[in-house]
file my_file06.csv (CSV, C-alpha atoms and all ligand atoms)
chain,number,residue,atom,x,y,z
A,1,MET,CA,-52.7,48.0,-13.6
A,2,SER,CA,-49.3,47.0,-12.1
A,3,ALA,CA,-48.0,48.1,-8.7
A,4,GLU,CA,-45.4,50.9,-8.3
A,5,PHE,CA,-42.8,48.4,-7.0
A,6,PRO,CA,-41.9,44.9,-8.2
A,7,VAL,CA,-44.3,42.4,-6.6
A,8,ALA,CA,-43.3,38.8,-6.2
A,9,ARG,CA,-46.1,36.7,-7.7
A,10,LEU,CA,-46.4,33.7,-5.4
A,11,ARG,CA,-50.1,33.5,-6.2
A,12,ARG,CA,-49.3,32.3,-9.8
A,13,LEU,CA,-48.9,28.7,-8.6
A,14,ARG,CA,-52.0,28.9,-6.3
A,15,ARG,CA,-54.5,29.8,-8.9
A,16,THR,CA,-56.0,26.5,-9.8
A,17,ALA,CA,-56.5,23.2,-8.1
A,18,ALA,CA,-54.4,21.5,-10.7
A,19,LEU,CA,-51.5,23.9,-10.1
A,20,ARG,CA,-51.7,23.4,-6.4
A,21,ARG,CA,-51.9,19.6,-6.7
A,22,MET,CA,-49.0,19.4,-9.1
A,23,THR,CA,-46.7,21.6,-6.9
A,24,ALA,CA,-47.7,20.0,-3.6
A,25,SER,CA,-44.7,18.7,-1.6
A,26,THR,CA,-46.6,16.8,1.1
A,27,ARG,CA,-48.8,13.9,0.0
A,28,LEU,CA,-50.7,11.4,1.9
A,29,HIS,CA,-51.0,7.8,0.8
A,30,PRO,CA,-53.3,5.1,2.2
A,31,GLY,CA,-50.3,2.9,2.8
A,32,ASP,CA,-48.9,5.4,5.3
A,33,LEU,CA,-51.9,5.1,7.5
A,34,ILE,CA,-52.3,2.7,10.5
A,35,LEU,CA,-55.7,2.0,12.0
A,36,PRO,CA,-55.9,1.5,15.8
A,37,VAL,CA,-58.7,-1.0,16.7
A,38,PHE,CA,-60.1,-2.0,20.1
A,39,VAL,CA,-61.4,-5.5,20.6
A,40,LYS,CA,-63.2,-6.4,23.8
A,41,GLU,CA,-63.6,-9.9,25.2
A,42,GLY,CA,-67.1,-11.3,25.8
A,43,ILE,CA,-69.3,-8.7,24.2
A,44,ALA,CA,-72.1,-9.6,21.7
A,45,GLU,CA,-72.3,-6.3,19.9
A,46,PRO,CA,-69.8,-3.6,19.1
A,47,ALA,CA,-69.9,-1.0,21.9
A,48,PRO,CA,-69.6,2.7,20.9
A,49,VAL,CA,-66.9,4.7,22.7
A,50,GLY,CA,-68.7,7.8,24.0
A,51,SER,CA,-65.7,10.2,23.9
A,52,MET,CA,-64.7,9.0,20.4
A,53,PRO,CA,-67.8,9.3,18.1
A,54,GLY,CA,-67.4,6.8,15.3
A,55,VAL,CA,-65.0,4.5,17.2
A,56,VAL,CA,-66.2,1.3,18.8
A,57,GLN,CA,-65.0,-1.5,21.0
A,58,HIS,CA,-65.2,-4.4,18.6
A,59,THR,CA,-66.4,-7.9,19.0
A,60,ARG,CA,-64.2,-10.7,17.6
A,61,ASP,CA,-66.5,-10.7,14.6
A,62,SER,CA,-66.7,-7.0,14.0
A,63,VAL,CA,-63.0,-6.5,14.2
A,64,ARG,CA,-62.6,-8.9,11.2
A,65,LYS,CA,-65.0,-6.7,9.3
A,66,ALA,CA,-63.0,-3.5,10.3
A,67,ALA,CA,-59.8,-5.2,9.2
A,68,HIS,CA,-61.3,-6.2,5.9
A,69,GLU,CA,-62.6,-2.7,5.2
A,70,ALA,CA,-59.2,-1.2,6.1
A,71,ALA,CA,-57.5,-3.6,3.7
A,72,GLN,CA,-60.0,-2.8,1.0
A,73,ALA,CA,-59.3,0.9,1.4
A,74,GLY,CA,-55.5,0.3,1.1
A,75,VAL,CA,-54.7,1.2,4.7
A,76,GLY,CA,-51.0,0.2,5.4
A,77,GLY,CA,-51.5,-1.4,8.8
A,78,LEU,CA,-53.7,-2.1,11.8
A,79,ILE,CA,-52.8,-2.1,15.4
A,80,LEU,CA,-54.8,-4.2,17.9
A,81,PHE,CA,-55.6,-3.2,21.4
A,82,GLY,CA,-57.3,-5.7,23.6
A,83,VAL,CA,-59.8,-5.2,26.4
A,84,PRO,CA,-60.0,-8.3,28.6
A,85,ALA,CA,-63.0,-9.4,30.5
A,86,VAL,CA,-60.9,-10.0,33.7
A,87,LYS,CA,-58.0,-7.9,34.9
A,88,ASP,CA,-55.5,-8.7,37.6
A,89,ALA,CA,-52.4,-7.1,39.2
A,90,ARG,CA,-49.9,-8.7,36.8
A,91,GLY,CA,-52.0,-8.3,33.6
A,92,SER,CA,-52.3,-12.0,33.0
A,93,GLY,CA,-54.4,-11.6,29.9
A,94,ALA,CA,-51.5,-10.0,28.1
A,95,ASP,CA,-49.6,-13.2,27.6
A,96,ASP,CA,-52.4,-15.7,27.9
A,97,PRO,CA,-52.5,-17.7,24.6
A,98,GLU,CA,-56.3,-17.5,24.9
A,99,GLY,CA,-56.1,-13.8,25.7
A,100,ILE,CA,-58.3,-11.5,23.7
A,101,VAL,CA,-55.4,-10.0,21.6
A,102,GLN,CA,-54.1,-13.4,20.7
A,103,LEU,CA,-57.5,-14.7,19.7
A,104,ALA,CA,-58.4,-11.5,17.7
A,105,LEU,CA,-55.0,-11.7,15.9
A,106,GLY,CA,-56.0,-15.1,14.6
A,107,ASP,CA,-59.4,-13.8,13.5
A,108,VAL,CA,-57.9,-10.8,11.8
A,109,LEU,CA,-55.1,-12.7,10.1
A,110,SER,CA,-57.5,-15.2,8.7
A,111,GLU,CA,-59.5,-12.3,7.2
A,112,VAL,CA,-56.7,-10.1,5.7
A,113,GLY,CA,-53.6,-12.3,5.6
A,114,ASP,CA,-50.8,-10.1,4.3
A,115,ALA,CA,-53.0,-7.4,2.8
A,116,LEU,CA,-52.0,-5.0,5.5
A,117,VAL,CA,-49.5,-5.2,8.4
A,118,VAL,CA,-51.3,-6.6,11.5
A,119,MET,CA,-49.5,-5.1,14.5
A,120,THR,CA,-50.0,-5.4,18.2
A,121,ASP,CA,-49.6,-2.9,21.0
A,122,THR,CA,-47.5,-4.4,23.7
A,123,CYS,CA,-48.3,-3.1,27.2
A,124,LEU,CA,-50.0,-4.1,30.4
A,125,ASP,CA,-52.3,-1.2,31.2
A,126,GLU,CA,-55.3,-2.7,29.4
A,127,PHE,CA,-54.8,-5.9,31.4
A,128,THR,CA,-54.0,-4.7,34.9
A,129,ASP,CA,-56.7,-4.1,37.5
A,130,HIS,CA,-54.8,-1.0,38.7
A,131,GLY,CA,-54.5,0.4,35.2
A,132,HIS,CA,-50.7,1.1,35.2
A,133,CYS,CA,-48.5,0.0,32.4
A,134,GLY,CA,-46.4,-2.3,34.6
A,135,ILE,CA,-46.2,-4.4,37.7
A,136,LEU,CA,-46.3,-2.6,41.0
A,137,THR,CA,-44.0,-2.8,44.0
A,138,ASP,CA,-45.5,-3.1,47.5
A,139,ASP,CA,-45.4,0.6,47.9
A,140,GLY,CA,-47.2,1.2,44.6
A,141,GLU,CA,-44.3,2.2,42.3
A,142,VAL,CA,-44.1,0.8,38.8
A,143,ASP,CA,-41.3,-1.8,39.0
A,144,ASN,CA,-39.3,-1.3,35.8
A,145,ASP,CA,-37.4,-4.5,35.6
A,146,ALA,CA,-40.1,-6.8,36.8
A,147,THR,CA,-42.3,-5.3,34.1
A,148,LEU,CA,-39.8,-6.1,31.4
A,149,GLU,CA,-40.3,-9.8,31.9
A,150,ARG,CA,-44.1,-9.3,31.5
A,151,TYR,CA,-43.6,-7.3,28.3
A,152,ALA,CA,-41.3,-10.0,26.9
A,153,ALA,CA,-43.8,-12.7,27.7
A,154,ALA,CA,-46.6,-10.6,26.1
A,155,ALA,CA,-44.6,-10.0,23.0
A,156,VAL,CA,-43.8,-13.7,22.6
A,157,ALA,CA,-47.5,-14.6,23.0
A,158,GLN,CA,-48.4,-12.0,20.3
A,159,ALA,CA,-45.6,-13.4,18.1
A,160,ARG,CA,-46.9,-16.9,18.5
A,161,ALA,CA,-50.4,-15.7,17.6
A,162,GLY,CA,-49.1,-14.2,14.4
A,163,SER,CA,-48.4,-10.6,15.1
A,164,GLN,CA,-46.5,-9.0,12.2
A,165,MET,CA,-45.1,-6.1,14.2
A,166,ILE,CA,-44.6,-5.6,17.9
A,167,ALA,CA,-45.2,-2.1,19.2
A,168,PRO,CA,-44.2,-1.7,22.9
A,169,SER,CA,-45.9,1.4,24.4
A,170,GLY,CA,-45.2,1.2,28.1
A,171,MET,CA,-42.2,3.4,28.4
A,172,MET,CA,-40.2,1.2,30.7
A,173,ASP,CA,-36.4,1.6,30.3
A,174,GLY,CA,-34.9,-1.3,28.4
A,175,GLN,CA,-38.2,-2.6,27.0
A,176,VAL,CA,-37.1,-2.8,23.4
A,177,GLY,CA,-33.9,-4.8,24.4
A,178,ALA,CA,-35.9,-7.2,26.6
A,179,ILE,CA,-38.5,-7.8,23.9
A,180,ARG,CA,-35.9,-8.2,21.2
A,181,ALA,CA,-34.0,-10.7,23.2
A,182,ALA,CA,-37.1,-12.7,24.0
A,183,LEU,CA,-38.3,-12.7,20.4
A,184,ASP,CA,-34.9,-13.8,19.1
A,185,ALA,CA,-34.7,-16.6,21.7
A,186,GLU,CA,-38.1,-18.0,20.5
A,187,GLY,CA,-37.1,-17.9,16.8
A,188,PHE,CA,-38.8,-14.6,15.9
A,189,GLU,CA,-35.7,-12.9,14.7
A,190,GLN,CA,-37.6,-11.6,11.6
A,191,LEU,CA,-40.4,-9.9,13.6
A,192,PRO,CA,-39.9,-6.1,13.5
A,193,ILE,CA,-40.4,-3.8,16.5
A,194,LEU,CA,-42.0,-0.4,16.2
A,195,ALA,CA,-41.0,1.3,19.4
A,196,TYR,CA,-43.2,4.0,21.0
A,197,SER,CA,-39.9,5.7,21.8
A,198,VAL,CA,-41.1,9.2,22.4
A,199,LYS,CA,-44.3,9.1,24.4
A,200,TYR,CA,-45.5,12.0,26.5
A,201,ALA,CA,-47.6,11.9,29.7
A,202,SER,CA,-50.4,13.5,27.9
A,203,GLY,CA,-54.0,14.7,28.7
A,204,PHE,CA,-54.7,13.8,25.0
A,205,TYR,CA,-55.0,10.1,25.9
A,206,GLY,CA,-58.2,10.7,27.9
A,207,PRO,CA,-60.7,9.2,25.4
A,208,PHE,CA,-58.4,6.2,24.8
A,209,ARG,CA,-58.7,5.3,28.4
A,210,ASP,CA,-62.5,5.0,28.0
A,211,ALA,CA,-62.0,2.9,24.8
A,212,ALA,CA,-59.4,0.6,26.4
A,213,GLU,CA,-60.8,0.8,29.9
A,214,CYS,CA,-57.3,1.4,31.3
A,215,ALA,CA,-57.4,4.7,33.3
A,216,PRO,CA,-54.9,4.4,36.2
A,217,GLN,CA,-56.8,3.7,39.4
A,218,PHE,CA,-54.4,5.9,41.4
A,219,GLY,CA,-51.7,8.4,40.4
A,220,ASP,CA,-50.8,9.0,36.8
A,221,ARG,CA,-48.1,7.9,34.3
A,222,SER,CA,-45.7,10.7,34.9
A,223,SER,CA,-43.0,8.5,36.4
A,224,TYR,CA,-42.6,6.6,33.2
A,225,GLN,CA,-44.0,8.7,30.3
A,226,GLN,CA,-42.1,11.8,29.2
A,227,ASP,CA,-42.9,15.2,30.6
A,228,PRO,CA,-44.3,17.6,28.0
A,229,ALA,CA,-41.9,20.2,29.2
A,230,GLY,CA,-38.9,17.9,28.9
A,231,SER,CA,-36.1,18.7,26.4
A,232,ALA,CA,-35.9,17.5,22.8
A,233,GLY,CA,-32.6,16.0,23.9
A,234,GLU,CA,-34.5,13.6,26.2
A,235,ALA,CA,-36.7,12.6,23.2
A,236,LEU,CA,-33.6,12.0,21.1
A,237,ARG,CA,-32.0,9.9,23.8
A,238,GLU,CA,-35.1,7.7,24.1
A,239,VAL,CA,-34.9,7.1,20.3
A,240,ARG,CA,-31.2,6.4,20.2
A,241,LEU,CA,-31.5,3.9,23.1
A,242,ASP,CA,-34.4,2.2,21.4
A,243,LEU,CA,-32.5,1.9,18.2
A,244,ALA,CA,-29.4,0.6,20.0
A,245,GLU,CA,-31.7,-2.0,21.7
A,246,GLY,CA,-33.0,-3.2,18.3
A,247,ALA,CA,-36.0,-1.1,17.4
A,248,ASP,CA,-36.7,-1.2,13.6
A,249,ALA,CA,-38.9,1.9,13.6
A,250,VAL,CA,-39.8,4.6,16.1
A,251,MET,CA,-42.8,6.6,17.1
A,252,VAL,CA,-43.7,10.0,18.5
A,253,LYS,CA,-46.9,10.3,20.4
A,254,PRO,CA,-49.1,12.4,20.6
A,255,ALA,CA,-48.7,13.9,17.1
A,256,MET,CA,-50.0,17.5,16.7
A,257,PRO,CA,-48.8,19.0,20.0
A,258,TYR,CA,-45.3,17.5,19.3
A,259,LEU,CA,-44.6,18.3,15.7
A,260,ASP,CA,-41.4,20.1,16.7
A,261,ILE,CA,-40.2,16.9,18.3
A,262,LEU,CA,-41.3,14.8,15.4
A,263,ARG,CA,-39.3,17.0,13.0
A,264,GLN,CA,-36.2,16.7,15.1
A,265,ILE,CA,-36.4,13.0,15.4
A,266,ARG,CA,-37.0,12.6,11.6
A,267,ASP,CA,-33.9,14.7,10.9
A,268,ALA,CA,-31.8,12.7,13.4
A,269,VAL,CA,-32.4,9.1,12.5
A,270,ASP,CA,-32.5,6.9,9.4
A,271,VAL,CA,-35.3,4.5,10.3
A,272,PRO,CA,-39.1,4.9,9.6
A,273,VAL,CA,-40.7,7.4,12.0
A,274,ALA,CA,-44.4,7.0,12.9
A,275,ALA,CA,-46.6,9.5,14.7
A,276,TYR,CA,-49.8,8.7,16.6
A,277,GLN,CA,-52.7,11.1,16.2
A,278,VAL,CA,-54.2,10.1,19.5
A,279,SER,CA,-57.7,9.8,20.9
A,280,GLY,CA,-57.8,13.4,22.3
A,281,GLU,CA,-56.7,14.8,18.9
A,282,TYR,CA,-59.5,12.8,17.3
A,283,ALA,CA,-62.1,13.7,19.9
A,284,MET,CA,-61.4,17.5,19.7
A,285,ILE,CA,-61.9,17.5,15.9
A,286,GLU,CA,-65.0,15.4,16.1
A,287,ALA,CA,-66.5,17.5,18.9
A,288,ALA,CA,-65.9,20.8,17.2
A,289,ALA,CA,-67.2,19.5,13.9
A,290,ALA,CA,-70.3,18.1,15.6
A,291,ASN,CA,-70.9,21.6,16.9
A,292,GLY,CA,-70.6,23.0,13.4
A,293,TRP,CA,-67.5,25.0,14.5
A,294,ILE,CA,-65.1,23.6,12.0
A,295,ASP,CA,-65.3,21.8,8.6
A,296,ARG,CA,-64.7,18.2,9.6
A,297,GLU,CA,-63.2,16.7,6.5
A,298,ARG,CA,-61.0,19.7,5.8
A,299,VAL,CA,-59.6,19.8,9.3
A,300,ILE,CA,-58.9,16.0,9.3
A,301,MET,CA,-56.9,16.3,6.1
A,302,GLU,CA,-55.1,19.4,7.3
A,303,SER,CA,-54.1,17.7,10.5
A,304,LEU,CA,-52.8,14.7,8.8
A,305,THR,CA,-51.0,16.8,6.2
A,306,ALA,CA,-49.3,18.7,9.0
A,307,ILE,CA,-48.2,15.5,10.7
A,308,ARG,CA,-46.8,14.2,7.4
A,309,ARG,CA,-45.1,17.5,6.7
A,310,ALA,CA,-43.4,17.5,10.1
A,311,GLY,CA,-41.7,14.2,9.1
A,312,ALA,CA,-44.0,11.2,9.8
A,313,ASP,CA,-43.5,8.3,7.4
A,314,MET,CA,-46.5,6.6,8.9
A,315,ILE,CA,-49.5,8.0,10.9
A,316,LEU,CA,-51.6,6.1,13.4
A,317,THR,CA,-55.1,7.6,13.1
A,318,TYR,CA,-58.6,6.5,14.0
A,319,TRP,CA,-59.7,8.0,10.6
A,320,ALA,CA,-57.3,5.7,8.6
A,321,THR,CA,-60.0,3.8,6.7
A,322,GLU,CA,-62.2,6.8,6.0
A,323,VAL,CA,-59.3,8.9,4.8
A,324,ALA,CA,-57.7,6.1,2.8
A,325,ARG,CA,-61.0,5.7,0.9
A,326,GLY,CA,-60.8,9.3,-0.2
A,327,LEU,CA,-57.1,9.2,-1.3
A,328,PRO,CA,-55.8,8.0,-4.7
A,329,ALA,CA,-54.3,4.5,-4.3
B,401,LIG,C1,-50.8,2.4,26.5
B,401,LIG,C2,-51.3,3.2,25.4
B,401,LIG,C3,-52.1,4.4,25.5
B,401,LIG,C4,-52.3,4.8,24.2
B,401,LIG,C5,-51.8,3.9,23.3
B,401,LIG,N1,-51.1,2.9,24.1
B,401,LIG,C6,-52.6,5.0,26.7
B,401,LIG,C7,-51.8,5.6,27.7
B,401,LIG,O1,-50.6,5.6,27.7
B,401,LIG,O2,-52.4,6.0,28.7
B,401,LIG,C8,-53.1,6.1,23.9
B,401,LIG,C9,-53.6,6.2,22.5
B,401,LIG,C10,-54.6,7.3,22.3
B,401,LIG,O3,-54.9,8.1,23.2
B,401,LIG,O4,-55.2,7.3,21.2
B,401,LIG,N2,-51.0,1.0,26.3

call {"tool": "encode", "arguments": {"input": "my_file06.csv", "output": "structure tokens"}}
result
Amino acid sequence: MSAEFPVARLRRLRRTAALRRMTASTRLHPGDLILPVFVKEGIAEPAPVGSMPGVVQHTRDSVRKAAHEAAQAGVGGLILFGVPAVKDARGSGADDPEGIVQLALGDVLSEVGDALVVMTDTCLDEFTDHGHCGILTDDGEVDNDATLERYAAAAVAQARAGSQMIAPSGMMDGQVGAIRAALDAEGFEQLPILAYSVKYASGFYGPFRDAAECAPQFGDRSSYQQDPAGSAGEALREVRLDLAEGADAVMVKPAMPYLDILRQIRDAVDVPVAAYQVSGEYAMIEAAAANGWIDRERVIMESLTAIRRAGADMILTYWATEVARGLPA
């Protein structure tokens, strides 16, 4: 029986899985995914991260295996975070040629070569004893310009160790320009920079600070990371400045709480845009799934589809390998 008035039949294209698949406008591909990995200096066995079930702090050996598995699954890239055995005020481990990131880079590169893009996070918080992303002044402020020199040194050390993409995440003003100049001066003109341009001071980073052992020992990151209530114009300004300073691609972080910002950035620029589905986004879904409150696989795919739909070309996600394995190559 037909209705008394004309009914638009949107359900026609939803009837079968084949129709839905053929008419889909958002698709995920393994090559769009980037796997963040933590490697810790001086441990004999991988150490599980309590607040991130399924994520570990790797040994130099197990990180090779994780890189191999990611490459096998077709994951597009991997980003290395180092946890040094010893920390100090200036974050010396960040630019030490024997520092954990530099050593792990060599290990991972010998394992995967060019099969995926081996990237490095460039920041100081994993390496400083106070846990801030920069050098401190005597009164405990983060000193922007003194920090730039440290970032430049860290980026050059990573470049020398073979990093294939430098990803500065510290939110100091001028960081992209300082790193670009230092890389160029050392002959690394061809090494791209993925700038964490839009990075909010977010509660969603909580579990990461367990994984990277980098919680600030006093205060918080609100004087350098963006305020969640700040304007979209501020986010755009960060992006434009980073591009003017030489960024090759930009990032929005966290992802799901900032999809509106991600869409606006995607529409405003013509470089690749990445989004970081951060540790807290991961932990929420894992925790709810462990309680039987949500369907884990379904929610993972829905979250990644939403991030992609909002405009991300690439997505950093701790599920990269698992998800890539389930996607058509
Ligand atoms: C800083 C950095 C952080 C993350 C990536 N790079 C932590 C912070 O800013 O406190 C967070 C990533 C996540 O939560 O998954 N080096």

call {"tool": "residues_near_ligand", "arguments": {"input": "my_file06.csv", "ligand": "ligand LIG 401 (chain B)", "cutoff": "9 Å", "atoms": "only C-alpha atoms and all ligand atoms", "output": "ChimeraX atom specification"}}
result
/A:36,81,121-126,131-133,168-171,196,199-209,211-212,214-216,220-221,225,253-254,276-282,316-318

call {"tool": "closest_atom_pairs", "arguments": {"input": "my_file06.csv", "of": "region 161-232 of chain A", "to": "region 83-106 of chain A", "cutoff": "8 Å", "atoms": "all atoms listed in the file", "output": "tab-separated table"}}
result
residue	atom	partner	partner_atom	distance
A:Ala161	CA	A:Gln102	CA	5.3
A:Gly162	CA	A:Leu105	CA	6.6
A:Ser163	CA	A:Leu105	CA	6.7
A:Ala212	CA	A:Val83	CA	5.8
A:Glu213	CA	A:Val83	CA	7.0

call {"tool": "residues_around", "arguments": {"input": "my_file06.csv", "residues": "Ala70 (chain A)", "least_positions_apart": "3", "cutoff": "10 Å", "atoms": "all atoms listed in the file", "output": "list in words"}}
result
Pro30, Leu33, Ile34, Leu35, Arg64, Lys65, Ala66, Ala67, Ala73, Gly74, Val75, Gly76, Gly77, Leu78, Val112, Ala115, Leu116, Ala320, Thr321, Glu322, Ala324 and Arg325 of chain A

call {"tool": "atom_distance", "arguments": {"input": "my_file06.csv", "atom1": "CA of His68 (chain A)", "atom2": "CA of Val39 (chain A)"}}
result
14.7 Å

call {"tool": "residues_around", "arguments": {"input": "my_file06.csv", "residues": "Arg14 (chain A)", "least_positions_apart": "6", "cutoff": "12 Å", "atoms": "all atoms listed in the file", "output": "ChimeraX atom specification"}}
result
/A:20-24

call {"tool": "closest_residue", "arguments": {"input": "my_file06.csv", "among": "A:Gln57, A:Gln264, A:Ser51, A:Gln164", "to": "Val117 (chain A)", "atoms": "only C-alpha atoms"}}
result
A:Gln164

call {"tool": "residues_around", "arguments": {"input": "my_file06.csv", "residues": "Gly233 (chain A)", "least_positions_apart": "2", "cutoff": "12 Å", "atoms": "all atoms listed in the file", "output": "list in words"}}
result
Val198, Gln226, Ala229, Gly230, Ser231, Ala235, Leu236, Arg237, Glu238, Val239, Arg240, Ile261, Gln264, Ile265 and Ala268 of chain A

call {"tool": "write_last_selection", "arguments": {"input": "my_file06.csv", "atoms": "C-alpha atoms", "output": "CSV table (one decimal), in the coordinates of the input"}}
result
chain,number,residue,atom,x,y,z
A,198,VAL,CA,-41.1,9.2,22.4
A,226,GLN,CA,-42.1,11.8,29.2
A,229,ALA,CA,-41.9,20.2,29.2
A,230,GLY,CA,-38.9,17.9,28.9
A,231,SER,CA,-36.1,18.7,26.4
A,235,ALA,CA,-36.7,12.6,23.2
A,236,LEU,CA,-33.6,12.0,21.1
A,237,ARG,CA,-32.0,9.9,23.8
A,238,GLU,CA,-35.1,7.7,24.1
A,239,VAL,CA,-34.9,7.1,20.3
A,240,ARG,CA,-31.2,6.4,20.2
A,261,ILE,CA,-40.2,16.9,18.3
A,264,GLN,CA,-36.2,16.7,15.1
A,265,ILE,CA,-36.4,13.0,15.4
A,268,ALA,CA,-31.8,12.7,13.4

call {"tool": "residues_around", "arguments": {"input": "my_file06.csv", "residues": "Ile285 (chain A)", "least_positions_apart": "4", "cutoff": "8 Å", "atoms": "only C-alpha atoms", "output": "list of chain:residue names"}}
result
A:Glu281, A:Ala289, A:Ile294, A:Arg296, A:Val299, A:Ile300

call {"tool": "closest_residue", "arguments": {"input": "my_file06.csv", "among": "A:Thr26, A:Ser197, A:Thr16, A:Gln175", "to": "Ala146 (chain A)", "atoms": "only C-alpha atoms"}}
result
A:Gln175

call {"tool": "closest_residue", "arguments": {"input": "my_file06.csv", "among": "A:Leu191, A:Ala18, A:Leu28, A:Leu136", "to": "Leu304 (chain A)", "atoms": "all atoms listed in the file"}}
result
A:Leu28

call {"tool": "atom_distance", "arguments": {"input": "my_file06.csv", "atom1": "CA of Leu109 (chain A)", "atom2": "CA of Arg60 (chain A)"}}
result
12.0 Å

call {"tool": "atom_distance", "arguments": {"input": "my_file06.csv", "atom1": "CA of Ile315 (chain A)", "atom2": "CA of Asn144 (chain A)"}}
result
28.5 Å

call {"tool": "closest_residue", "arguments": {"input": "my_file06.csv", "among": "A:Gly31, A:Val142, A:Ala17, A:Met52", "to": "Gly219 (chain A)", "atoms": "only C-alpha atoms"}}
result
A:Val142
